[in-house]
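Asks: mmCIF, C-alpha atoms, saved as input_22.cif, coming up:
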data_structure
#
loop_
_atom_site.label_atom_id
_atom_site.label_comp_id
_atom_site.auth_asym_id
_atom_site.auth_seq_id
_atom_site.Cartn_x
_atom_site.Cartn_y
_atom_site.Cartn_z
CA MET A 1 192.74 74.36 82.00
CA LYS A 2 190.78 77.61 82.27
CA ARG A 3 190.67 77.84 78.49
CA ILE A 4 189.26 74.29 78.23
CA ILE A 5 186.59 75.03 80.86
CA SER A 6 185.58 78.23 79.03
CA LEU A 7 185.24 76.39 75.73
CA CYS A 8 183.12 73.68 77.36
CA LEU A 9 180.80 76.23 78.95
CA ALA A 10 180.44 78.11 75.68
CA SER A 11 179.54 74.89 73.83
CA LEU A 12 176.97 73.99 76.51
CA LEU A 13 175.31 77.39 76.26
CA LEU A 14 175.07 77.07 72.48
CA LEU A 15 173.44 73.66 72.79
CA LEU A 16 170.96 74.88 75.39
CA GLY A 17 170.14 77.96 73.32
CA GLY A 18 169.41 75.80 70.29
CA CYS A 19 167.12 73.52 72.27
CA ALA A 20 165.18 76.20 74.09
CA THR A 21 163.85 78.42 71.29
CA VAL A 22 160.72 80.19 72.50
CA VAL A 23 158.29 82.89 71.42
CA SER A 24 158.05 85.35 74.29
CA SER A 25 154.91 87.52 74.38
CA ASN A 26 153.73 90.37 76.56
CA VAL A 27 150.08 89.76 77.40
CA THR A 28 147.57 92.08 79.06
CA ALA A 29 143.91 91.04 79.39
CA PHE A 30 141.06 93.10 80.79
CA ASN A 31 137.92 91.21 81.65
CA GLU A 32 134.59 91.30 83.40
CA TRP A 33 133.96 87.64 82.93
CA PRO A 34 130.79 86.33 84.60
CA ALA A 35 131.29 83.74 87.32
CA ASP A 36 128.69 81.57 85.61
CA LEU A 37 128.14 81.72 81.85
CA PRO A 38 126.15 78.62 80.87
CA ASN A 39 125.80 79.55 77.21
CA LYS A 40 129.18 79.96 75.53
CA SER A 41 127.99 80.08 71.95
CA PHE A 42 129.84 82.60 69.79
CA VAL A 43 130.07 84.03 66.31
CA PHE A 44 132.92 85.93 64.67
CA GLU A 45 132.28 89.58 63.93
CA HIS A 46 134.07 90.74 60.80
CA SER A 47 133.66 92.80 57.65
CA GLU A 48 133.00 91.44 54.16
CA ALA A 49 136.58 92.23 53.21
CA GLN A 50 137.87 90.23 56.16
CA ASN A 51 135.55 87.37 55.32
CA ASN A 52 137.21 87.18 51.89
CA ASP A 53 140.73 87.51 53.34
CA LEU A 54 142.38 84.08 53.47
CA GLU A 55 145.01 85.19 55.98
CA TYR A 56 142.34 86.60 58.30
CA ARG A 57 140.25 83.45 58.04
CA ASN A 58 143.29 81.38 58.94
CA TYR A 59 143.79 83.40 62.12
CA GLU A 60 140.08 83.06 62.92
CA GLY A 61 140.59 79.31 62.75
CA LEU A 62 143.39 79.54 65.32
CA VAL A 63 141.19 81.57 67.66
CA ARG A 64 138.30 79.16 67.11
CA THR A 65 140.50 76.23 68.15
CA GLU A 66 141.48 77.95 71.40
CA LEU A 67 137.90 78.92 72.22
CA GLN A 68 136.65 75.40 71.60
CA ARG A 69 139.39 74.10 73.87
CA LEU A 70 137.92 76.33 76.59
CA GLY A 71 134.39 75.01 76.07
CA PHE A 72 133.02 77.62 73.65
CA VAL A 73 130.82 76.54 70.73
CA GLN A 74 130.64 78.38 67.43
CA GLN A 75 127.06 79.03 66.34
CA ASP A 76 126.46 81.00 63.19
CA GLY A 77 123.41 83.18 62.86
CA GLY A 78 121.54 85.26 65.40
CA ALA A 79 121.39 82.65 68.15
CA ALA A 80 124.98 83.11 69.38
CA GLN A 81 125.34 84.78 72.78
CA LEU A 82 128.84 86.15 72.20
CA LYS A 83 130.70 87.97 69.45
CA VAL A 84 134.43 87.53 68.87
CA ALA A 85 136.59 89.99 66.94
CA LEU A 86 140.33 90.10 66.26
CA LYS A 87 142.86 92.58 64.94
CA TYR A 88 146.53 92.10 64.16
CA ASP A 89 149.51 93.87 62.63
CA ILE A 90 153.28 93.71 62.27
CA SER A 91 155.92 96.45 62.10
CA ALA A 92 159.69 96.49 61.75
CA ARG A 93 162.50 98.56 63.21
CA ASP A 94 166.16 98.70 62.28
CA VAL A 95 168.72 97.83 64.94
CA HIS A 96 172.39 98.84 64.83
CA VAL A 97 174.73 96.91 67.12
CA VAL A 98 178.28 97.75 68.13
CA GLU A 99 180.02 95.02 70.11
CA PRO A 100 183.61 94.40 71.24
CA VAL A 101 185.86 91.97 69.42
CA VAL A 102 188.14 90.03 71.74
CA ALA A 103 191.41 88.14 71.41
CA ASP A 104 192.39 85.21 73.59
CA PRO A 105 195.82 85.87 75.13
CA MET A 106 196.38 82.10 75.23
CA TRP A 107 196.69 82.17 71.43
CA TYR A 108 199.40 84.01 69.51
CA GLY A 109 200.08 83.20 65.89
CA PRO A 110 199.46 80.04 63.87
CA TYR A 111 201.41 77.72 66.23
CA GLY A 112 199.72 78.54 69.50
CA TRP A 113 201.68 79.93 72.46
CA GLY A 114 203.96 82.81 71.67
CA ARG A 115 205.64 83.97 68.47
CA PRO A 116 206.82 82.55 66.16
CA GLY A 117 206.31 78.96 67.43
CA PHE A 118 205.09 77.07 70.47
CA TYR A 119 208.62 76.80 71.86
CA GLY A 120 209.95 79.90 70.09
CA PRO A 121 211.09 83.22 71.61
CA GLY A 122 207.53 84.22 72.31
CA PHE A 123 207.23 81.52 74.98
CA TYR A 124 210.04 82.73 77.22
CA GLY A 125 210.87 86.27 76.14
CA PRO A 126 208.96 88.77 74.00
CA ARG A 127 205.57 87.33 74.98
CA PHE A 128 205.91 88.84 78.43
CA ASN A 129 206.35 92.27 76.85
CA ASP A 130 203.36 91.82 74.60
CA PRO A 131 200.77 94.61 75.26
CA PHE A 132 198.00 91.99 75.31
CA TYR A 133 199.73 89.67 77.75
CA ASN A 134 198.80 89.67 81.41
CA PRO A 135 200.30 86.82 83.49
CA PHE A 136 197.67 87.30 86.20
CA TRP A 137 194.57 87.17 84.01
CA TYR A 138 193.70 84.71 81.29
CA GLY A 139 190.42 86.25 80.20
CA PRO A 140 189.76 87.83 76.78
CA GLN A 141 191.27 91.18 75.79
CA VAL A 142 189.26 93.71 73.80
CA ILE A 143 191.08 94.70 70.62
CA GLY A 144 188.38 96.30 68.48
CA GLN A 145 184.71 96.62 67.57
CA ARG A 146 182.31 94.91 65.21
CA GLU A 147 179.21 96.61 63.84
CA TYR A 148 176.21 95.03 62.17
CA ASP A 149 172.57 95.79 61.40
CA PHE A 150 169.42 93.70 61.56
CA GLN A 151 165.67 94.12 61.86
CA LEU A 152 163.35 93.35 64.75
CA PHE A 153 159.66 92.77 64.11
CA LEU A 154 156.87 93.70 66.50
CA ARG A 155 153.94 91.26 66.08
CA ARG A 156 150.63 92.26 67.71
CA LEU A 157 147.25 90.64 68.24
CA ASN A 158 144.06 91.87 69.89
CA VAL A 159 141.03 89.69 70.59
CA THR A 160 137.75 90.89 72.11
CA ILE A 161 134.69 88.97 73.29
CA THR A 162 131.44 90.86 73.78
CA ARG A 163 127.83 89.99 74.51
CA ALA A 164 125.85 89.76 71.30
CA ALA A 165 122.91 91.50 72.97
CA GLY A 166 123.91 94.95 74.19
CA GLY A 167 127.57 94.80 73.18
CA GLN A 168 129.00 94.55 76.72
CA LYS A 169 132.69 93.80 76.47
CA LEU A 170 133.66 90.77 78.56
CA TYR A 171 137.23 90.06 77.46
CA ASP A 172 139.83 92.26 75.77
CA VAL A 173 143.34 90.85 75.41
CA SER A 174 146.38 92.39 73.73
CA VAL A 175 149.46 90.36 72.83
CA SER A 176 152.75 91.73 71.55
CA SER A 177 155.94 89.89 70.71
CA GLU A 178 159.20 91.17 69.26
CA GLY A 179 161.70 89.01 67.42
CA LYS A 180 163.69 88.46 64.24
CA VAL A 181 160.97 86.42 62.50
CA GLY A 182 159.11 88.72 60.13
CA SER A 183 156.54 86.12 59.07
CA LEU A 184 153.28 86.83 60.90
CA PRO A 185 151.72 83.47 59.91
CA ALA A 186 154.72 81.67 61.48
CA VAL A 187 154.29 83.46 64.81
CA MET A 188 150.51 83.88 65.00
CA PRO A 189 149.79 80.40 66.47
CA TYR A 190 151.91 81.34 69.49
CA LEU A 191 150.29 84.77 69.83
CA VAL A 192 146.83 83.21 69.81
CA ARG A 193 147.77 80.56 72.37
CA SER A 194 149.30 83.26 74.56
CA ALA A 195 146.08 85.29 74.36
CA PHE A 196 144.12 82.48 76.03
CA THR A 197 146.71 81.17 78.47
CA ASP A 198 145.20 81.15 81.96
CA PHE A 199 141.87 82.46 80.56
CA PRO A 200 140.34 84.78 81.69
CA GLY A 201 143.14 85.56 84.17
CA LYS A 202 143.56 88.59 86.41
CA SER A 203 142.15 91.71 84.82
CA GLY A 204 144.68 94.35 83.81
CA VAL A 205 147.77 92.50 85.07
CA PRO A 206 150.52 92.36 82.42
CA HIS A 207 152.47 89.14 82.24
CA VAL A 208 154.89 87.33 79.96
CA VAL A 209 154.02 84.05 78.25
CA LYS A 210 156.82 81.93 76.80
CA LEU A 211 155.93 79.12 74.42
CA LYS A 212 158.41 76.64 73.01
CA VAL A 213 158.67 76.70 69.24
CA GLU A 214 157.52 73.31 68.03
CA ASP A 215 158.71 73.58 64.45
CA GLN A 216 161.54 75.84 63.30
CA GLN A 217 160.42 78.27 60.63
#
So, in terms of structure tokens, how does the structure I just supplied come out?
Replies:
Amino acid sequence: MKRIISLCLASLLLLLGGCATVVSSNVTAFNEWPADLPNKSFVFEHSEAQNNDLEYRNYEGLVRTELQRLGFVQQDGGAAQLKVALKYDISARDVHVVEPVVADPMWYGPYGWGRPGFYGPGFYGPRFNDPFYNPFWYGPQVIGQREYDFQLFLRRLNVTITRAAGGQKLYDVSVSSEGKVGSLPAVMPYLVRSAFTDFPGKSGVPHVVKLKVEDQQ
């Protein structure tokens, strides 16, 4: 019975894990946002190289969408009141994992209980002398180790909003997220959304934003 319950719980956890994939980001925003800012017109501030960078322009589009959702209006030329700039990068680190390998004492050999068969000698005799058998505990027994390697990727985004006249910085947000997905374009929509969650928020207070992955990459 305990074995059946354990298997059911394990299956439930797997199902929940598959349905609850999220991108978790650490977000810290510093701001001196005015209580009343009637003119929210903005322009992106970037170099010529960035202007000709298709990946960068794609990320600008993501930021533009979030700003427009918050009531900002893009206005090219010198009439914009605000300037928006963004930076991003990705780095990788190798991870080495050593974890225990377990054996279920409820299972011995190809026929189930005991050796050599379900109703063989292992059921009544030698099984009780087995070094892995414990009649008072039916949990898993550690019998070895498994080692494997993988990479984790640190994805980072920084967005700043400044006054076009004078250059006063009003909003400076940094977002970092670590995970196994090494594709920055796949993760960037979630980083950008995290950057403007609860905008402008409490200045200098780190918090975690978790966004459900809409489409598996």
Asks: Using 5 Å of padding on each side, determine the axis-aligned box around all atoms of stretch 154-170 of chain A present in the file and give its centre and edge lengths in Å to one decimal, as lines of an AutoDock Vina configuration file.
Replies:
center_x = 139.9
center_y = 92.0
center_z = 72.3
size_x = 44.0
size_y = 16.0
size_z = 22.5
Asks: Can you work out which one of A:Phe153, A:Val101, A:Phe72, A:Thr21 has the shortest atom-to-atom distance to A:Glu214, counting only C-alpha atoms?
Replies: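 Among A:Phe153, A:Val101, A:Phe72, A:Thr21, it is A:Thr21 that comes nearest to A:Glu214.
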Asks: Can you list, as a PyMOL selection string, every protein, DNA or RNA residue that comes within 8 Å of A:Ser24 when you count only C-alpha atoms, leaving out same-chain residues fewer than 4 positions away?
Replies: chain A and resi 177-178+208-211
Asks: Report as a PyMOL selection string all protein, DNA and RNA residues lying within 12 Å of stretch 43-60 of chain A, evaluated on only C-alpha atoms, omitting residues in the same chain fewer than 2 positions from it.
Replies: chain A and resi 40-41+62-67+72-89+157-164+167+183-193
Asks: Rounded to one decimal, what separation in Å do you get between atom CA of A:Arg93 and atom CA of A:Leu154?
Replies: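 Taking atom CA of A:Arg93 as the start and atom CA of A:Leu154 as the end point, the length is 8.1 Å.
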Asks: Could you tell me which residues the PyMOL selection byres ((chain A and resi 175) around 6) returns for this structure, as number ranges by chain?
Replies: A: 26-27, 156-157, 174, 176
Asks: Rounded to one decimal in Å, what is the spacing between atom CA of A:Arg69 and atom CA of A:Gly166?
Replies: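 Distance between the two atoms: 26.0 Å.
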Asks: Please, what distance in Å, to one decimal, runs between atom CA of A:Asp36 and atom CA of A:Gly61?
Replies: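 A separation of 25.9 Å between them.
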Asks: Which residues, named as in the file, does the PyMOL selection byres ((chain A and resi 204) around 9) pick out? Answer as a list in words.
Replies: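 This file, filtered by the PyMOL selection byres ((chain A and resi 204) around 9), leaves Thr28, Ala29, Phe30, Asn31, Gly201, Lys202, Ser203, Val205 and Pro206 of chain A.
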Asks: What would the selection look like, as a ChimeraX atom specification, if the PyMOL selection byres ((chain A and resi 97) around 6) were run on the coordinates I just shared?
Replies: /A:96,98,147-148
Asks: Which one is closest to A:Ser91: A:Lys212, A:Lys169, A:His207, A:Arg155? Count only C-alpha atoms.
Replies: A:Arg155
Asks: I need the residue nearest A:Pro200 from this list: A:Leu152, A:Ala92, A:Leu70, A:Val102. Use all atoms listed in the file for the distance.
Replies: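 When distances to A:Pro200 are compared using all atoms listed in the file, the smallest one comes from A:Leu70.
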Asks: Kindly indicate which residue among A:Pro100, A:Gly71, A:Gly179, A:Gly144 lies nearest to A:Val23, using all atoms listed in the file for the distances.
Replies: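 The answer is A:Gly179, which sits nearest to A:Val23.
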